[in-house]
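Since the structure comes first, as structure tokens, the remarks are kept for the end.
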Amino acid sequence: MRRAKRRRSLREEENKWFEEKKTQFAWITEQAKFISNRIGRQIANPRQGYATWLWLRACITASSMTRLFEPHLEGKAVYIDHASIAALARALIENVATCIYLGDQKASEDVWNARRLIMRLNDRVNRAIFLKQIGQLPEDTKDDRLPEMRAELEANPAFSALTRDQRGKILNGSNTFLHGRHNTMLVFGWGNERTAGIYKYLSSHAHSTAMSFIRTEANRVYEPDSNASKVTAGFALDHASAALGTGCLNMISLFPYVEAAFDELVFMALKNGYSPPVWDSKPDKASPG
């Protein structure tokens, strides 16, 4: 049976909404790059140093996303590469969350050192695993600091305060964050349920799960009159914009002199349009991640 076409008024509304999301994301991307350029190279404390590395990466990812705004033409079909936009949006959101997490000036020395040590341990454990899996020569075991790294982490008071199960998952390389990825992403202020939902939705496109393709026919994803790809891409851009905006405000708080470089109206738009990080001193250890 031939499927009914989507109402023209609804398609026009979706087109307008998508154009707004593209404009919004392009604008916040420009502000993010402006901040990165103004920070430049300078002597910084370790927390600021990690933040600047991750912030530059966020800016590059955001710029890559804007290049995907141009639709692809296949015969009569015109569609957006929504899956790639969604996958990059997920990477960008996680990147900004990690930038805030490692650049956190409010964390105690024990907490911040635990975060840093966990990252280094995770890198060491998983690098050894994937190098072996892809057939690369094992790293020199004579200089293996893994036992020393684990001992240093186990002596950290913030790490010791975790449950036995949490400590075990960190030590074997399963977890990258002190209280899990999910809790780290709560800094955007989206709340527990919505944060989990956003990440799961975007992840479905990054990993080609059933949610990313099983409804292709039902939603007429690649047909000329379908806006399905714009709806998915717009959702991804909306939340990536929010995350990048929070990241902008966080970087300005880390490097306050950057504020003076902004046009006053642009800075007010940034400050009024986006939310600073939401700090939770009592993370929900029962939540996913």
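Labeling convention for the structure tokens: chains A, B, ... as they appear, residues from 1 per chain, ligands from 1 in order of appearance.
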
Residues near range 242-257 of chain A, cut-off 9 Å, only C-alpha atoms, skip fewer than 4 positions along chain, as a PyMOL selection string = chain A and resi 25+28-29+31-32+35-36+38-39+48+51-52+55+58-59+62+92-94+96-97+99-100+103-105+187-188+237-238+261+270-271+273-277

Those same residues - N, CA, C and O atoms - I'd like them written as a compact mmCIF listing (two decimals), in the first residue's frame.
```txt
# COMPACT_ATOMS: atom_id res chain seq x y z
N PHE A 25 24.17 26.14 15.68
CA PHE A 25 25.41 25.37 15.87
C PHE A 25 26.60 26.07 15.22
O PHE A 25 27.70 26.10 15.79
N ILE A 28 27.71 28.98 17.58
CA ILE A 28 28.42 28.59 18.79
C ILE A 28 29.78 27.97 18.44
O ILE A 28 30.74 28.09 19.21
N THR A 29 29.89 27.35 17.27
CA THR A 29 31.18 26.82 16.82
C THR A 29 32.18 27.96 16.62
O THR A 29 33.36 27.85 16.99
N GLN A 31 32.18 30.83 18.16
CA GLN A 31 32.57 31.34 19.49
C GLN A 31 33.58 30.41 20.15
O GLN A 31 34.52 30.86 20.81
N ALA A 32 33.38 29.11 19.97
CA ALA A 32 34.31 28.13 20.55
C ALA A 32 35.70 28.29 19.96
O ALA A 32 36.71 28.27 20.67
N ILE A 35 37.40 31.46 21.27
CA ILE A 35 37.96 31.24 22.61
C ILE A 35 39.27 30.48 22.53
O ILE A 35 40.26 30.84 23.18
N SER A 36 39.30 29.44 21.72
CA SER A 36 40.51 28.64 21.58
C SER A 36 41.68 29.47 21.07
O SER A 36 42.80 29.39 21.57
N ARG A 38 42.02 32.73 21.35
CA ARG A 38 42.41 33.73 22.33
C ARG A 38 43.21 33.13 23.48
O ARG A 38 44.06 33.79 24.07
N ILE A 39 42.93 31.88 23.81
CA ILE A 39 43.71 31.21 24.87
C ILE A 39 45.15 31.03 24.40
O ILE A 39 46.10 31.34 25.11
N GLN A 48 44.28 23.23 33.51
CA GLN A 48 44.06 24.07 32.34
C GLN A 48 44.68 23.44 31.09
O GLN A 48 44.12 23.54 29.99
N ALA A 51 42.46 20.76 29.73
CA ALA A 51 41.26 21.39 29.17
C ALA A 51 41.52 21.98 27.79
O ALA A 51 40.69 21.84 26.89
N THR A 52 42.68 22.62 27.60
CA THR A 52 42.96 23.24 26.30
C THR A 52 43.15 22.19 25.22
O THR A 52 42.73 22.38 24.07
N TRP A 55 39.67 21.02 24.42
CA TRP A 55 38.88 22.08 23.81
C TRP A 55 39.23 22.24 22.33
O TRP A 55 38.34 22.43 21.49
N ALA A 58 37.50 19.58 20.53
CA ALA A 58 36.07 19.88 20.41
C ALA A 58 35.83 20.85 19.26
O ALA A 58 34.86 20.70 18.49
N CYS A 59 36.68 21.86 19.13
CA CYS A 59 36.54 22.84 18.06
C CYS A 59 36.70 22.19 16.69
O CYS A 59 35.96 22.51 15.74
N ALA A 62 33.57 20.12 15.94
CA ALA A 62 32.45 21.00 15.61
C ALA A 62 32.59 21.52 14.18
O ALA A 62 31.60 21.59 13.43
N LEU A 92 31.37 14.84 20.40
CA LEU A 92 31.58 16.21 20.86
C LEU A 92 31.07 16.41 22.28
O LEU A 92 31.75 17.00 23.13
N ILE A 93 29.89 15.90 22.57
CA ILE A 93 29.30 16.04 23.90
C ILE A 93 30.19 15.36 24.94
O ILE A 93 30.47 15.92 26.00
N GLU A 94 30.64 14.15 24.65
CA GLU A 94 31.51 13.44 25.58
C GLU A 94 32.84 14.16 25.74
O GLU A 94 33.40 14.23 26.84
N VAL A 96 33.44 17.44 25.43
CA VAL A 96 33.29 18.64 26.25
C VAL A 96 33.12 18.27 27.72
O VAL A 96 33.67 18.93 28.61
N ALA A 97 32.37 17.19 27.99
CA ALA A 97 32.20 16.73 29.37
C ALA A 97 33.55 16.37 29.99
O ALA A 97 33.84 16.70 31.15
N CYS A 99 36.46 17.53 29.02
CA CYS A 99 37.20 18.79 29.14
C CYS A 99 36.86 19.48 30.47
O CYS A 99 37.75 19.93 31.19
N ILE A 100 35.59 19.52 30.79
CA ILE A 100 35.14 20.14 32.05
C ILE A 100 35.62 19.32 33.23
O ILE A 100 36.08 19.87 34.25
N GLY A 103 39.42 19.70 33.64
CA GLY A 103 39.82 21.09 33.88
C GLY A 103 39.22 21.65 35.16
O GLY A 103 39.42 22.82 35.47
N ASP A 104 38.50 20.83 35.90
CA ASP A 104 37.77 21.25 37.09
C ASP A 104 38.70 21.84 38.16
O ASP A 104 39.49 21.14 38.78
N GLN A 105 38.58 23.15 38.37
CA GLN A 105 39.40 23.83 39.36
C GLN A 105 38.85 23.68 40.79
O GLN A 105 39.56 23.97 41.76
N VAL A 187 27.05 17.37 33.94
CA VAL A 187 27.43 18.79 34.04
C VAL A 187 26.63 19.69 33.10
O VAL A 187 26.59 20.90 33.28
N PHE A 188 25.97 19.10 32.09
CA PHE A 188 25.20 19.91 31.14
C PHE A 188 23.84 20.31 31.68
O PHE A 188 23.14 21.11 31.06
N LEU A 237 22.29 18.27 16.59
CA LEU A 237 22.88 19.61 16.60
C LEU A 237 22.39 20.43 17.78
O LEU A 237 23.15 21.20 18.38
N ASP A 238 21.12 20.26 18.14
CA ASP A 238 20.55 21.00 19.26
C ASP A 238 21.32 20.71 20.55
O ASP A 238 21.70 21.63 21.29
N ALA A 261 38.10 39.98 25.28
CA ALA A 261 38.30 39.97 23.83
C ALA A 261 36.98 39.91 23.06
O ALA A 261 36.95 40.17 21.86
N LEU A 270 26.03 34.85 24.39
CA LEU A 270 26.61 33.58 24.83
C LEU A 270 26.20 33.28 26.27
O LEU A 270 25.77 32.17 26.60
N LYS A 271 26.31 34.28 27.12
CA LYS A 271 26.01 34.10 28.54
C LYS A 271 24.52 33.85 28.79
O LYS A 271 24.15 33.03 29.64
N GLY A 273 22.35 32.71 26.47
CA GLY A 273 21.82 31.59 25.67
C GLY A 273 22.24 30.21 26.13
O GLY A 273 21.64 29.21 25.72
N TYR A 274 23.28 30.16 26.96
CA TYR A 274 23.81 28.85 27.36
C TYR A 274 24.03 28.79 28.87
O TYR A 274 24.14 29.82 29.54
N SER A 275 24.11 27.56 29.38
CA SER A 275 24.22 27.35 30.83
C SER A 275 25.64 26.94 31.21
O SER A 275 26.26 26.13 30.51
N PRO A 276 26.16 27.47 32.32
CA PRO A 276 27.47 27.02 32.81
C PRO A 276 27.37 25.60 33.34
O PRO A 276 26.26 25.07 33.52
N PRO A 277 28.50 24.94 33.59
CA PRO A 277 28.46 23.57 34.11
C PRO A 277 27.68 23.46 35.41
O PRO A 277 27.70 24.35 36.25
```

inquiry  = Among range 30-134 of chain A, which residues does DSSP mark as alpha helix (DSSP H) when it is run on the backbone? Keep the chain and numbering as in the structure and answer as a ChimeraX atom specification.
reply    = /A:30-39,46-66,82-102,109-133

ask   = Expressed in Å to a single decimal, how great is the separation between CA of Thr216 in chain A and CA of Ser63 in chain A?
value = 27.8 Å

message = If I take CA of Leu68 in chain A and CA of Thr23 in chain A, how far is one from the other in Å, to one decimal?
response =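 Interatomic distance, CA of Leu68 in chain A to CA of Thr23 in chain A: 13.2 Å.
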
key: Polymer residues at most 12 Å from Glu19 in chain A, only C-alpha atoms, same-chain spacing of 2 or more positions, as number ranges by chain   = A: 12-17, 21-26, 69-70, 230-231, 233-235, 237-238

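Closest approach to Thr209 in chain A among A:Lys33, A:Arg115, A:Arg57, A:Ala83 is made by A:Ala83 (distances from only C-alpha atoms).
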
Residue with smallest distance to Leu178 in chain A - pool A:Asn113, A:Thr195, A:Ser208, A:Asn45, counting only C-alpha atoms =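 Smallest separation from Leu178 in chain A among the options: A:Asn113.
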
request  = For Ser160 in chain A, work out the shell of residues within 12 Å, counting only C-alpha atoms and skipping chain neighbours fewer than 2 positions away, then give it as number ranges by chain.
outcome  = A: 110-111, 114, 150-158, 162-168, 170-171, 178

Residue subset to file, keeping N, CA and C atoms, as a JSON list (two decimals), in the first residue's frame:
```
[["chain", "number", "residue", "atom", "x", "y", "z"],
["A", 110, "ASP", "N", 42.94, 15.36, 45.86],
["A", 110, "ASP", "CA", 42.76, 13.90, 45.85],
["A", 110, "ASP", "C", 41.82, 13.48, 44.72],
["A", 111, "VAL", "N", 40.72, 14.20, 44.58],
["A", 111, "VAL", "CA", 39.75, 13.86, 43.53],
["A", 111, "VAL", "C", 40.36, 14.07, 42.15],
["A", 114, "ALA", "N", 42.93, 11.47, 41.35],
["A", 114, "ALA", "CA", 42.28, 10.19, 41.05],
["A", 114, "ALA", "C", 41.78, 10.19, 39.61],
["A", 150, "ARG", "N", 48.74, 1.11, 39.39],
["A", 150, "ARG", "CA", 47.60, 0.61, 40.17],
["A", 150, "ARG", "C", 47.80, 0.88, 41.66],
["A", 151, "ALA", "N", 49.03, 0.68, 42.12],
["A", 151, "ALA", "CA", 49.32, 0.92, 43.54],
["A", 151, "ALA", "C", 49.13, 2.39, 43.90],
["A", 152, "GLU", "N", 49.55, 3.28, 43.01],
["A", 152, "GLU", "CA", 49.40, 4.72, 43.25],
["A", 152, "GLU", "C", 47.93, 5.10, 43.31],
["A", 153, "LEU", "N", 47.14, 4.50, 42.44],
["A", 153, "LEU", "CA", 45.71, 4.79, 42.43],
["A", 153, "LEU", "C", 45.02, 4.23, 43.68],
["A", 154, "GLU", "N", 45.40, 3.03, 44.07],
["A", 154, "GLU", "CA", 44.78, 2.42, 45.25],
["A", 154, "GLU", "C", 45.10, 3.17, 46.54],
["A", 155, "ALA", "N", 46.19, 3.92, 46.52],
["A", 155, "ALA", "CA", 46.57, 4.71, 47.70],
["A", 155, "ALA", "C", 45.84, 6.05, 47.75],
["A", 156, "ASN", "N", 45.10, 6.38, 46.69],
["A", 156, "ASN", "CA", 44.41, 7.66, 46.62],
["A", 156, "ASN", "C", 43.11, 7.60, 47.43],
["A", 157, "PRO", "N", 42.89, 8.54, 48.36],
["A", 157, "PRO", "CA", 41.69, 8.52, 49.22],
["A", 157, "PRO", "C", 40.37, 8.58, 48.45],
["A", 158, "ALA", "N", 40.32, 9.36, 47.38],
["A", 158, "ALA", "CA", 39.08, 9.47, 46.60],
["A", 158, "ALA", "C", 38.75, 8.15, 45.92],
["A", 162, "LEU", "N", 35.47, 4.56, 46.86],
["A", 162, "LEU", "CA", 34.54, 3.89, 45.96],
["A", 162, "LEU", "C", 34.21, 2.49, 46.46],
["A", 163, "THR", "N", 33.16, 1.90, 45.93],
["A", 163, "THR", "CA", 32.81, 0.53, 46.29],
["A", 163, "THR", "C", 33.83, -0.43, 45.68],
["A", 164, "ARG", "N", 33.85, -1.63, 46.16],
["A", 164, "ARG", "CA", 34.79, -2.63, 45.66],
["A", 164, "ARG", "C", 34.55, -2.89, 44.17],
["A", 165, "ASP", "N", 33.28, -2.95, 43.78],
["A", 165, "ASP", "CA", 32.94, -3.20, 42.38],
["A", 165, "ASP", "C", 33.42, -2.05, 41.50],
["A", 166, "GLN", "N", 33.22, -0.82, 41.95],
["A", 166, "GLN", "CA", 33.67, 0.35, 41.18],
["A", 166, "GLN", "C", 35.19, 0.36, 41.03],
["A", 167, "ARG", "N", 35.88, 0.06, 42.11],
["A", 167, "ARG", "CA", 37.35, 0.04, 42.05],
["A", 167, "ARG", "C", 37.82, -1.05, 41.08],
["A", 168, "GLY", "N", 37.19, -2.20, 41.12],
["A", 168, "GLY", "CA", 37.59, -3.29, 40.24],
["A", 168, "GLY", "C", 37.43, -2.95, 38.77],
["A", 170, "ILE", "N", 37.50, -0.02, 37.42],
["A", 170, "ILE", "CA", 38.49, 0.98, 37.04],
["A", 170, "ILE", "C", 39.86, 0.33, 36.87],
["A", 171, "LEU", "N", 40.22, -0.52, 37.80],
["A", 171, "LEU", "CA", 41.55, -1.15, 37.75],
["A", 171, "LEU", "C", 41.72, -2.08, 36.55],
["A", 178, "LEU", "N", 36.01, 8.61, 37.33],
["A", 178, "LEU", "CA", 35.95, 8.30, 38.75],
["A", 178, "LEU", "C", 34.57, 7.80, 39.17]]
```
